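The structure appears right after this line, and notes come after that.
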4 protein chains.
Amino acid sequence: MKTSLSYGMVGGSLNAFIGGVHREAIAFDRRAGLAAGCFSRDAEQNAAAGAYLELDDARVYADFHTMAEQEAARPDGIDFAVIVTPNYKHYEAAKAFLQNGINVVCEKPLCFEIGEAEELKRLAAEKNLLFGVTYAYSGYSLMKFARQLIGEGKIGEIINVNAEYLQEWLIDELGHGEDSNTRLLSGWRTDPAYAGISNCTGDIGTHIEHTVAYLTGLKIKQLSAKVHKFEHALDLHANILVEYENGASGVYACSQVCAGYQNALAVRIFGTQGAIEWQQENPDILKVTYKGQPPQFFARGTGSITGRAATLKRIPSGHPEGYHIAFANLYKTYIGALLKKANNQPLTPEDLDFPNAEDGLDGVKFLHAVIGSGENGSRWEEVGG
Amino acid sequence: MKTSLSYGMVGGSLNAFIGGVHREAIAFDRRAGLAAGCFSRDAEQNAAAGAYLELDDARVYADFHTMAEQEAARPDGIDFAVIVTPNYKHYEAAKAFLQNGINVVCEKPLCFEIGEAEELKRLAAEKNLLFGVTYAYSGYSLMKFARQLIGEGKIGEIINVNAEYLQEWLIDELGHGEDSNTRLLSGWRTDPAYAGISNCTGDIGTHIEHTVAYLTGLKIKQLSAKVHKFEHALDLHANILVEYENGASGVYACSQVCAGYQNALAVRIFGTQGAIEWQQENPDILKVTYKGQPPQFFARGTGSITGRAATLKRIPSGHPEGYHIAFANLYKTYIGALLKKANNQPLTPEDLDFPNAEDGLDGVKFLHAVIGSGENGSRWEEVGG
Amino acid sequence: MKTSLSYGMVGGSLNAFIGGVHREAIAFDRRAGLAAGCFSRDAEQNAAAGAYLELDDARVYADFHTMAEQEAARPDGIDFAVIVTPNYKHYEAAKAFLQNGINVVCEKPLCFEIGEAEELKRLAAEKNLLFGVTYAYSGYSLMKFARQLIGEGKIGEIINVNAEYLQEWLIDELGHGEDSNTRLLSGWRTDPAYAGISNCTGDIGTHIEHTVAYLTGLKIKQLSAKVHKFEHALDLHANILVEYENGASGVYACSQVCAGYQNALAVRIFGTQGAIEWQQENPDILKVTYKGQPPQFFARGTGSITGRAATLKRIPSGHPEGYHIAFANLYKTYIGALLKKANNQPLTPEDLDFPNAEDGLDGVKFLHAVIGSGENGSRWEEVGG
Amino acid sequence: MKTSLSYGMVGGSLNAFIGGVHREAIAFDRRAGLAAGCFSRDAEQNAAAGAYLELDDARVYADFHTMAEQEAARPDGIDFAVIVTPNYKHYEAAKAFLQNGINVVCEKPLCFEIGEAEELKRLAAEKNLLFGVTYAYSGYSLMKFARQLIGEGKIGEIINVNAEYLQEWLIDELGHGEDSNTRLLSGWRTDPAYAGISNCTGDIGTHIEHTVAYLTGLKIKQLSAKVHKFEHALDLHANILVEYENGASGVYACSQVCAGYQNALAVRIFGTQGAIEWQQENPDILKVTYKGQPPQFFARGTGSITGRAATLKRIPSGHPEGYHIAFANLYKTYIGALLKKANNQPLTPEDLDFPNAEDGLDGVKFLHAVIGSGENGSRWEEVGG
């Protein structure tokens, strides 16, 4: 029985954010290892990534067509390809791997044209391949729980949806139009050649669409949109009225120019028997209101969370899933200090910014003082210096 | 120049939670690899972990003393040991590695007795080794920023501290004392043979102590504590008045029996010029109030966060650091489905709970409808089924 | 010099909620006393209210036409009439008092028809009378402060508005249509004979409209609405896209069937330089974000609150101000203006800072546009200038 | 049958905040009217208040002794006296009215000395008079609901209490000691001649004490306090460990120098079966957690709120209730009880649901224990039964 897989990556050079997230996420479960890659059109960057990721040089490819063909030909070729290029290459890359019989996971938006998406879908079906699209927010465990509650009819028939995805990071583009200085902010994202027909709606509006679809199963029948480009080539903001096939209606707003919002995907699903609400920036809490009862706040990982969501529990409740990062930061510092030491480099106070034996000692002293005080009529106890 | 390290782990078999967190955290930065281990006193569990973690059999040790000696003797021996055993083995294990000249990272509380802690501290100094203690909450990047603001005097001289760490997971132990059924809940944690003189204060009270010390640099002069065991051998709750060496005072509360709280470490530092507040369950937000001004809420990763905290930024602001986990869940499902498929096992709908090409297609349709509506006077646009 | 006034009330019998709120709000500042009333068409209820409120029997009237005439004829006749009847009597009653030369304060929505509202506005102007409409939410002191910040350009040019007013109290009407049992819940509010063309939008949607207008000064150019009656005669829910005359756009949602929401008016105003956000259920806090800075939370009554808002401070910060205070602020302004007028003192724009007939008119226009769009396939509907 | 009462006020001149709150609160229910007063030692201010409040000149008194005697002698004399002077006059004034057979409502803290409080309690009992103390926070309707849930055993036996009352308004006094400029900030409150032995604990710490007692019925057995004067004559901050007679423990903190807090009374009551939490700055929400279930947030005025709290509902849910209402509820009860008594009707425990002299006494005891502990090395101090 096969117990592990190998994968390849297209895009995701070392200075790209999302490629690293994909690799780290796959590493969590140790069931698939990186074996091949085509990380950048820039040969130097491509090689640097291959080396850092400890790949066999022969499997670091200059172009993804070659990669698809050669990996397909190898007996130990990759099981699936992860595509994290800028949007305009998604279609071509996904198609190359599918045509060579390799499973594909692709970043969203899947591609530019409806016909392209249909082709990819058809190809995957014909070849009997699994095709994944990383609408990652549906991976939060409470999204599974919310979907389960809605699917069980706990909030009745859905009558209304309010959903939004607000960011502020492009607010400095307002009023600057095609000015090349400010274009540096949004980079390829507002350039139609690389981003297609949309910037904001494609990048984050599609997350609203998928999150609502995932939770409710509702299909959109029609919509009406106010789209704002603020003198740029592509959209920076859109307000959208939606009508679903069941007759319910919804309002969506997506923006990259709303001050005070970092990455605020928020969905509220209203039904005849209750409501369910979730915010991506606080993903471990689900607000559930049943008609006639006070709102309840379900916390990830508690005994109240059942079903598929419970199977995805990794750490105890109350630990933000980013608890790992706090640990990672601690180890990053510690290992960095060890390396400096090994190389006879001087250590600064910042290099030593990790809890040490002195801190450990202080904890033991504290502990003894507390228990000692408690066992002696709560008297005041010296802790020591 | 040395660019990477290897480490060994003591404790952390496959069914232990915290060992996995350590390994995943170290993996993030790819600068140290697991090379040896002594994961369990149970030979079978020890072997299983070694196999899963792809270690050389020769470096999976039955006891940590042997491990310390043999690793010290190898030319490619581990650079540091990570100790994640139950508390009662911390001291002995840490000592073994230090004595053999190997750097140590140890879980908290460091050990049971003050003399033991002093010995470990001294040993590390004598051998010129780096000793880390995983008070991991100080690893959150906003903790670095809070410490920086306090250190710069932004909130003036500290006059008061309110800090607490509340959990509810042992509430069912109330009123059951030494009943073996309920003891199953807390396991070794309320057994003095394995936990030493304290359960709750040792496990989570020491985190309060370290977090406040890390942020403020204040040393505790004396304290008075009310400690509650609720008929158990060790404490389940403590309320503590604290006096610091600078004359300021503080109140700490730690509990494992407070309904409604999962893992609620919360600290509030009050100074003559302002206040700083942080909650571990919402770690990406820091509340800062300067005297005479409205409270401000700093978000991790934004341009307002400077200094060391900025150097630890891994993902854009607004993405809970657990964003990786959402991705990991998606890949866990996807890879699980590929494996089932490779092994000719039937795929259930739950196995296919990842966004697929159909979802990708829907996103493209949505996008075209939005942009189409926007470009046509915001008319209602069919999205298609 | 005249230092106090008398007023009369139409509607507001002892079992009516809003009449009492008006009387209590007026009483706060002791500058106007109740002297006459026509509280109910039911003679017994009318008499009971008169007795409870300690009125002279001769000034408790069976109908408001008689009341208007006789009060106008008395040397000590009322200075103003407060109209708190069900909506369908607003117009007739307001007109009666205006025609008899008596100032009027009227509940919202002002009346059913645009022509009626225009007539009232004209009548007040012709007779040189002050006409107030109780959009009481603009009476909260932080609404004054928000308006001041926006007016000073602190958040730049407005580019987008998100506003909603959600309630849950009619959720049990869903699916019951014209069933008389469930109609008891909404009473006259979903009966066109008493409520006119709208229930939900008229009752609470108009508050969204006024609040945004009050804060921003923006005029709505056009809007598109999805309106849901859920088998009732009148609307229970509406989602609305809005375009303002300056080109900005907005999304409004009003509902009486959203589980988990009591009286949740929430407005978010986004500009090129920042954003301002406020929620009626937590009215003493104003969220202000300046571009590139962390969000700040201003608290009512603190030293950070300046200008007109500061002049309306009644109790120290941290004491929830209460709905009554918003009403009292409105009346304070209105009565102050009447007194200045009676004493031939010039009226400044600040003296006239209460919702007037023009505001009432805009509400009716808004209302018609919403309903009109809803009945015409949610087409774009002009609102008019 | 008597249907309304008259009252007199001592203190509460026009520039005093709290006197107005009392008068407005009484006015809400129209069952008692102001008929006499001694508003200020300053003759001009006294006369101005009498005129503004439309009193008969003969009933505006220069001193409260005369007022007590003359009102007692009048056939239409006041039914009760409201004492809102600075603290140092509470005792003398309350005694004067009691001795003359007049019921009394007095601000808190009731007086300076335990013996004084005992005397007032005894006097009221001997004369068969009703004595009220305005711990107004217990007047919030959700406090009634919380008390009901606790009394019904819904959260089991109480094991721990966390309560605090934080303000920031005196932070500028830090480091200035007896400087007369900064003393202007706190005025008489930090002058022992006018405030007695305590500033902060007397002013707000007593509210913590009463609120916890009101909710739980727990008596404090002993406590330990750290009290900070920051070079002033009286306290500005205190941290307190508490032990109740049932063996449970608690932590209290009160402060007027904590940046970022306006008037933040917050109480958390933890029991063996759940927890209840409330914050005065957001008084219309009650957090209730039953063991093993998600936290629920009850909103004032909804159908989920039953019992006495429901009988005090004045306005629909979602409308912030306001500080005034808490006062009005207290007076409603007090006046209702007076009326029943005047009409020889039996008084139920619910009729007497207002803070009385016994409560006032407990506050003074509490206060002495806190200050005593603080002045004696924070030793454990008996509070007495």
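Labels for the structure tokens follow display order: chains A, B, ..., residues from 1 in each chain, ligands from 1.
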
### Message
Could you work out which residues of chain C fall inside 9 Å of chain D? Count only C-alpha atoms, and format the result as a VMD selection string.
### Response
chain C and resid 17 to 18 21 24 27 to 28 30 52 to 53 167 261 to 264 280 to 283 299 302 314 to 325

### Query
Contacts of Ala248 (chain A) at 6 Å or less, counting only C-alpha atoms, minus same-chain residues fewer than 4 places along, as a ChimeraX atom specification?
/A:159-160,244

Neighbours of region 36-44 of chain A within 7 Å (only C-alpha atoms; same-chain residues fewer than 2 positions away dropped), as a PDB file with all heavy atoms, in the first residue's frame?
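Output file out.pdb is given in full below:
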ATOM      1  N   TYR A   7       5.510  15.613  -4.710  1.00  0.00           N
ATOM      2  CA  TYR A   7       4.882  16.663  -5.520  1.00  0.00           C
ATOM      3  C   TYR A   7       5.936  17.590  -6.085  1.00  0.00           C
ATOM      4  O   TYR A   7       7.087  17.625  -5.640  1.00  0.00           O
ATOM      5  CB  TYR A   7       3.844  17.439  -4.708  1.00  0.00           C
ATOM      6  CG  TYR A   7       4.405  18.400  -3.686  1.00  0.00           C
ATOM      7  CD1 TYR A   7       4.519  19.763  -3.961  1.00  0.00           C
ATOM      8  CD2 TYR A   7       4.822  17.952  -2.423  1.00  0.00           C
ATOM      9  CE1 TYR A   7       5.025  20.654  -3.024  1.00  0.00           C
ATOM     10  CE2 TYR A   7       5.326  18.827  -1.481  1.00  0.00           C
ATOM     11  CZ  TYR A   7       5.432  20.177  -1.786  1.00  0.00           C
ATOM     12  OH  TYR A   7       5.938  21.045  -0.855  1.00  0.00           O
ATOM     13  N   GLY A   8       5.493  18.351  -7.073  1.00  0.00           N
ATOM     14  CA  GLY A   8       6.329  19.382  -7.659  1.00  0.00           C
ATOM     15  C   GLY A   8       5.650  20.721  -7.559  1.00  0.00           C
ATOM     16  O   GLY A   8       4.434  20.799  -7.397  1.00  0.00           O
ATOM     17  N   MET A   9       6.432  21.786  -7.647  1.00  0.00           N
ATOM     18  CA  MET A   9       5.856  23.119  -7.519  1.00  0.00           C
ATOM     19  C   MET A   9       6.217  23.977  -8.721  1.00  0.00           C
ATOM     20  O   MET A   9       7.355  23.958  -9.187  1.00  0.00           O
ATOM     21  CB  MET A   9       6.376  23.783  -6.233  1.00  0.00           C
ATOM     22  CG  MET A   9       5.802  25.167  -5.988  1.00  0.00           C
ATOM     23  SD  MET A   9       6.146  25.756  -4.306  1.00  0.00           S
ATOM     24  CE  MET A   9       4.772  25.043  -3.404  1.00  0.00           C
ATOM     25  N   VAL A  10       5.240  24.745  -9.222  1.00  0.00           N
ATOM     26  CA  VAL A  10       5.465  25.704 -10.292  1.00  0.00           C
ATOM     27  C   VAL A  10       5.230  27.090  -9.717  1.00  0.00           C
ATOM     28  O   VAL A  10       4.124  27.380  -9.234  1.00  0.00           O
ATOM     29  CB  VAL A  10       4.532  25.443 -11.486  1.00  0.00           C
ATOM     30  CG1 VAL A  10       4.842  26.439 -12.611  1.00  0.00           C
ATOM     31  CG2 VAL A  10       4.676  24.004 -11.957  1.00  0.00           C
ATOM     32  N   GLY A  11       6.250  27.957  -9.799  1.00  0.00           N
ATOM     33  CA  GLY A  11       6.216  29.225  -9.063  1.00  0.00           C
ATOM     34  C   GLY A  11       6.721  28.975  -7.647  1.00  0.00           C
ATOM     35  O   GLY A  11       7.201  27.888  -7.319  1.00  0.00           O
ATOM     36  N   GLY A  12       6.650  30.022  -6.827  1.00  0.00           N
ATOM     37  CA  GLY A  12       7.039  29.833  -5.422  1.00  0.00           C
ATOM     38  C   GLY A  12       8.527  29.968  -5.163  1.00  0.00           C
ATOM     39  O   GLY A  12       9.087  29.214  -4.359  1.00  0.00           O
ATOM     40  N   SER A  13       9.160  30.932  -5.817  1.00  0.00           N
ATOM     41  CA  SER A  13      10.571  31.161  -5.511  1.00  0.00           C
ATOM     42  C   SER A  13      10.706  31.705  -4.090  1.00  0.00           C
ATOM     43  O   SER A  13       9.697  31.999  -3.434  1.00  0.00           O
ATOM     44  CB  SER A  13      11.170  32.149  -6.523  1.00  0.00           C
ATOM     45  OG  SER A  13      10.538  33.403  -6.382  1.00  0.00           O
ATOM     46  N   LEU A  34       8.334  17.326  -1.312  1.00  0.00           N
ATOM     47  CA  LEU A  34       8.665  18.066  -2.520  1.00  0.00           C
ATOM     48  C   LEU A  34       9.788  17.334  -3.272  1.00  0.00           C
ATOM     49  O   LEU A  34      10.829  17.018  -2.690  1.00  0.00           O
ATOM     50  CB  LEU A  34       9.129  19.482  -2.160  1.00  0.00           C
ATOM     51  CG  LEU A  34       9.484  20.384  -3.355  1.00  0.00           C
ATOM     52  CD1 LEU A  34       8.246  20.687  -4.191  1.00  0.00           C
ATOM     53  CD2 LEU A  34      10.127  21.679  -2.871  1.00  0.00           C
ATOM     54  N   ASN A  46      15.554  30.343  -9.657  1.00  0.00           N
ATOM     55  CA  ASN A  46      15.085  28.959  -9.766  1.00  0.00           C
ATOM     56  C   ASN A  46      16.086  28.020  -9.097  1.00  0.00           C
ATOM     57  O   ASN A  46      15.709  27.187  -8.262  1.00  0.00           O
ATOM     58  CB  ASN A  46      14.915  28.592 -11.247  1.00  0.00           C
ATOM     59  CG  ASN A  46      14.100  27.322 -11.448  1.00  0.00           C
ATOM     60  OD1 ASN A  46      13.282  26.962 -10.596  1.00  0.00           O
ATOM     61  ND2 ASN A  46      14.321  26.638 -12.569  1.00  0.00           N
ATOM     62  N   ALA A  47      17.349  28.206  -9.415  1.00  0.00           N
ATOM     63  CA  ALA A  47      18.383  27.351  -8.835  1.00  0.00           C
ATOM     64  C   ALA A  47      18.484  27.546  -7.325  1.00  0.00           C
ATOM     65  O   ALA A  47      18.629  26.585  -6.553  1.00  0.00           O
ATOM     66  CB  ALA A  47      19.728  27.655  -9.486  1.00  0.00           C
ATOM     67  N   ALA A  48      18.376  28.811  -6.883  1.00  0.00           N
ATOM     68  CA  ALA A  48      18.484  29.093  -5.453  1.00  0.00           C
ATOM     69  C   ALA A  48      17.384  28.375  -4.668  1.00  0.00           C
ATOM     70  O   ALA A  48      17.620  27.790  -3.605  1.00  0.00           O
ATOM     71  CB  ALA A  48      18.405  30.598  -5.200  1.00  0.00           C
ATOM     72  N   ALA A  49      16.190  28.395  -5.199  1.00  0.00           N
ATOM     73  CA  ALA A  49      15.079  27.723  -4.518  1.00  0.00           C
ATOM     74  C   ALA A  49      15.321  26.224  -4.480  1.00  0.00           C
ATOM     75  O   ALA A  49      15.124  25.561  -3.459  1.00  0.00           O
ATOM     76  CB  ALA A  49      13.753  28.046  -5.215  1.00  0.00           C
ATOM     77  N   LEU A  55      16.528  19.944  -3.470  1.00  0.00           N
ATOM     78  CA  LEU A  55      16.074  19.109  -4.584  1.00  0.00           C
ATOM     79  C   LEU A  55      17.269  18.606  -5.389  1.00  0.00           C
ATOM     80  O   LEU A  55      18.334  19.241  -5.450  1.00  0.00           O
ATOM     81  CB  LEU A  55      15.155  19.898  -5.522  1.00  0.00           C
ATOM     82  CG  LEU A  55      13.790  20.287  -4.985  1.00  0.00           C
ATOM     83  CD1 LEU A  55      12.925  20.816  -6.144  1.00  0.00           C
ATOM     84  CD2 LEU A  55      13.096  19.107  -4.319  1.00  0.00           C
ATOM     85  N   ARG A  59      15.890  17.726 -11.214  1.00  0.00           N
ATOM     86  CA  ARG A  59      14.439  17.922 -11.128  1.00  0.00           C
ATOM     87  C   ARG A  59      14.063  19.387 -10.846  1.00  0.00           C
ATOM     88  O   ARG A  59      12.945  19.689 -10.458  1.00  0.00           O
ATOM     89  CB  ARG A  59      13.850  16.958 -10.092  1.00  0.00           C
ATOM     90  CG  ARG A  59      14.039  15.504 -10.559  1.00  0.00           C
ATOM     91  CD  ARG A  59      13.553  14.502  -9.551  1.00  0.00           C
ATOM     92  NE  ARG A  59      12.111  14.303  -9.641  1.00  0.00           N
ATOM     93  CZ  ARG A  59      11.447  13.404  -8.900  1.00  0.00           C
ATOM     94  NH1 ARG A  59      12.100  12.629  -8.022  1.00  0.00           N
ATOM     95  NH2 ARG A  59      10.150  13.266  -9.035  1.00  0.00           N
ATOM     96  N   VAL A  60      15.030  20.262 -11.037  1.00  0.00           N
ATOM     97  CA  VAL A  60      14.724  21.698 -11.019  1.00  0.00           C
ATOM     98  C   VAL A  60      14.687  22.146 -12.476  1.00  0.00           C
ATOM     99  O   VAL A  60      15.712  22.182 -13.141  1.00  0.00           O
ATOM    100  CB  VAL A  60      15.780  22.490 -10.219  1.00  0.00           C
ATOM    101  CG1 VAL A  60      15.455  23.983 -10.229  1.00  0.00           C
ATOM    102  CG2 VAL A  60      15.858  21.962  -8.781  1.00  0.00           C
ATOM    103  N   TYR A  61      13.487  22.448 -12.985  1.00  0.00           N
ATOM    104  CA  TYR A  61      13.278  22.633 -14.422  1.00  0.00           C
ATOM    105  C   TYR A  61      13.205  24.114 -14.799  1.00  0.00           C
ATOM    106  O   TYR A  61      12.697  24.950 -14.024  1.00  0.00           O
ATOM    107  CB  TYR A  61      11.986  21.955 -14.845  1.00  0.00           C
ATOM    108  CG  TYR A  61      11.993  20.460 -14.580  1.00  0.00           C
ATOM    109  CD1 TYR A  61      11.485  19.942 -13.387  1.00  0.00           C
ATOM    110  CD2 TYR A  61      12.515  19.568 -15.527  1.00  0.00           C
ATOM    111  CE1 TYR A  61      11.482  18.584 -13.139  1.00  0.00           C
ATOM    112  CE2 TYR A  61      12.521  18.197 -15.282  1.00  0.00           C
ATOM    113  CZ  TYR A  61      12.010  17.702 -14.094  1.00  0.00           C
ATOM    114  OH  TYR A  61      12.017  16.362 -13.855  1.00  0.00           O
ATOM    115  N   ALA A  62      13.667  24.381 -16.009  1.00  0.00           N
ATOM    116  CA  ALA A  62      13.651  25.757 -16.505  1.00  0.00           C
ATOM    117  C   ALA A  62      12.256  26.175 -16.964  1.00  0.00           C
ATOM    118  O   ALA A  62      11.917  27.353 -16.959  1.00  0.00           O
ATOM    119  CB  ALA A  62      14.645  25.915 -17.650  1.00  0.00           C
ATOM    120  N   ASP A  63      11.456  25.207 -17.416  1.00  0.00           N
ATOM    121  CA  ASP A  63      10.082  25.550 -17.802  1.00  0.00           C
ATOM    122  C   ASP A  63       9.132  24.420 -17.414  1.00  0.00           C
ATOM    123  O   ASP A  63       9.514  23.269 -17.302  1.00  0.00           O
ATOM    124  CB  ASP A  63       9.978  25.852 -19.297  1.00  0.00           C
ATOM    125  CG  ASP A  63      10.082  24.593 -20.121  1.00  0.00           C
ATOM    126  OD1 ASP A  63      11.248  24.101 -20.262  1.00  0.00           O
ATOM    127  OD2 ASP A  63       9.030  24.070 -20.555  1.00  0.00           O
ATOM    128  N   PHE A  64       7.886  24.785 -17.216  1.00  0.00           N
ATOM    129  CA  PHE A  64       6.960  23.803 -16.656  1.00  0.00           C
ATOM    130  C   PHE A  64       6.467  22.785 -17.681  1.00  0.00           C
ATOM    131  O   PHE A  64       6.014  21.711 -17.308  1.00  0.00           O
ATOM    132  CB  PHE A  64       5.815  24.472 -15.892  1.00  0.00           C
ATOM    133  CG  PHE A  64       4.985  25.455 -16.688  1.00  0.00           C
ATOM    134  CD1 PHE A  64       4.119  25.028 -17.677  1.00  0.00           C
ATOM    135  CD2 PHE A  64       5.056  26.815 -16.389  1.00  0.00           C
ATOM    136  CE1 PHE A  64       3.341  25.941 -18.375  1.00  0.00           C
ATOM    137  CE2 PHE A  64       4.283  27.730 -17.087  1.00  0.00           C
ATOM    138  CZ  PHE A  64       3.421  27.295 -18.096  1.00  0.00           C
TER     139      PHE A  64
END

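Taking only C-alpha atoms into account, Asn246 (chain A) lies nearest to A:Gln222 out of the set A:Asp353, A:Ala266, A:Gln222, A:Arg189.
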
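Distances to Thr134 (chain C) were evaluated for C:Gln279, C:Ser4, C:Asn100, C:Thr211 using only C-alpha atoms, and the minimum falls at C:Thr211.
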
### Message
Using only C-alpha atoms, can you tell me which of B:Val105, B:Ile150, B:Ala357, B:Val288 comes closest to Tyr135 (chain B)?
### Response
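Going through B:Val105, B:Ile150, B:Ala357, B:Val288 one by one, the smallest distance to Tyr135 (chain B) is for B:Val105.
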
### Task
Tell me, as number ranges by chain, which residues lie within 8 Å of region 228-243 of chain D, counting only C-alpha atoms; anything in the same chain fewer than 4 positions away does not count.
B: 226, 239-241, 249-251; D: 170, 174-178, 190-192, 197-201, 220-224, 247-257, 370
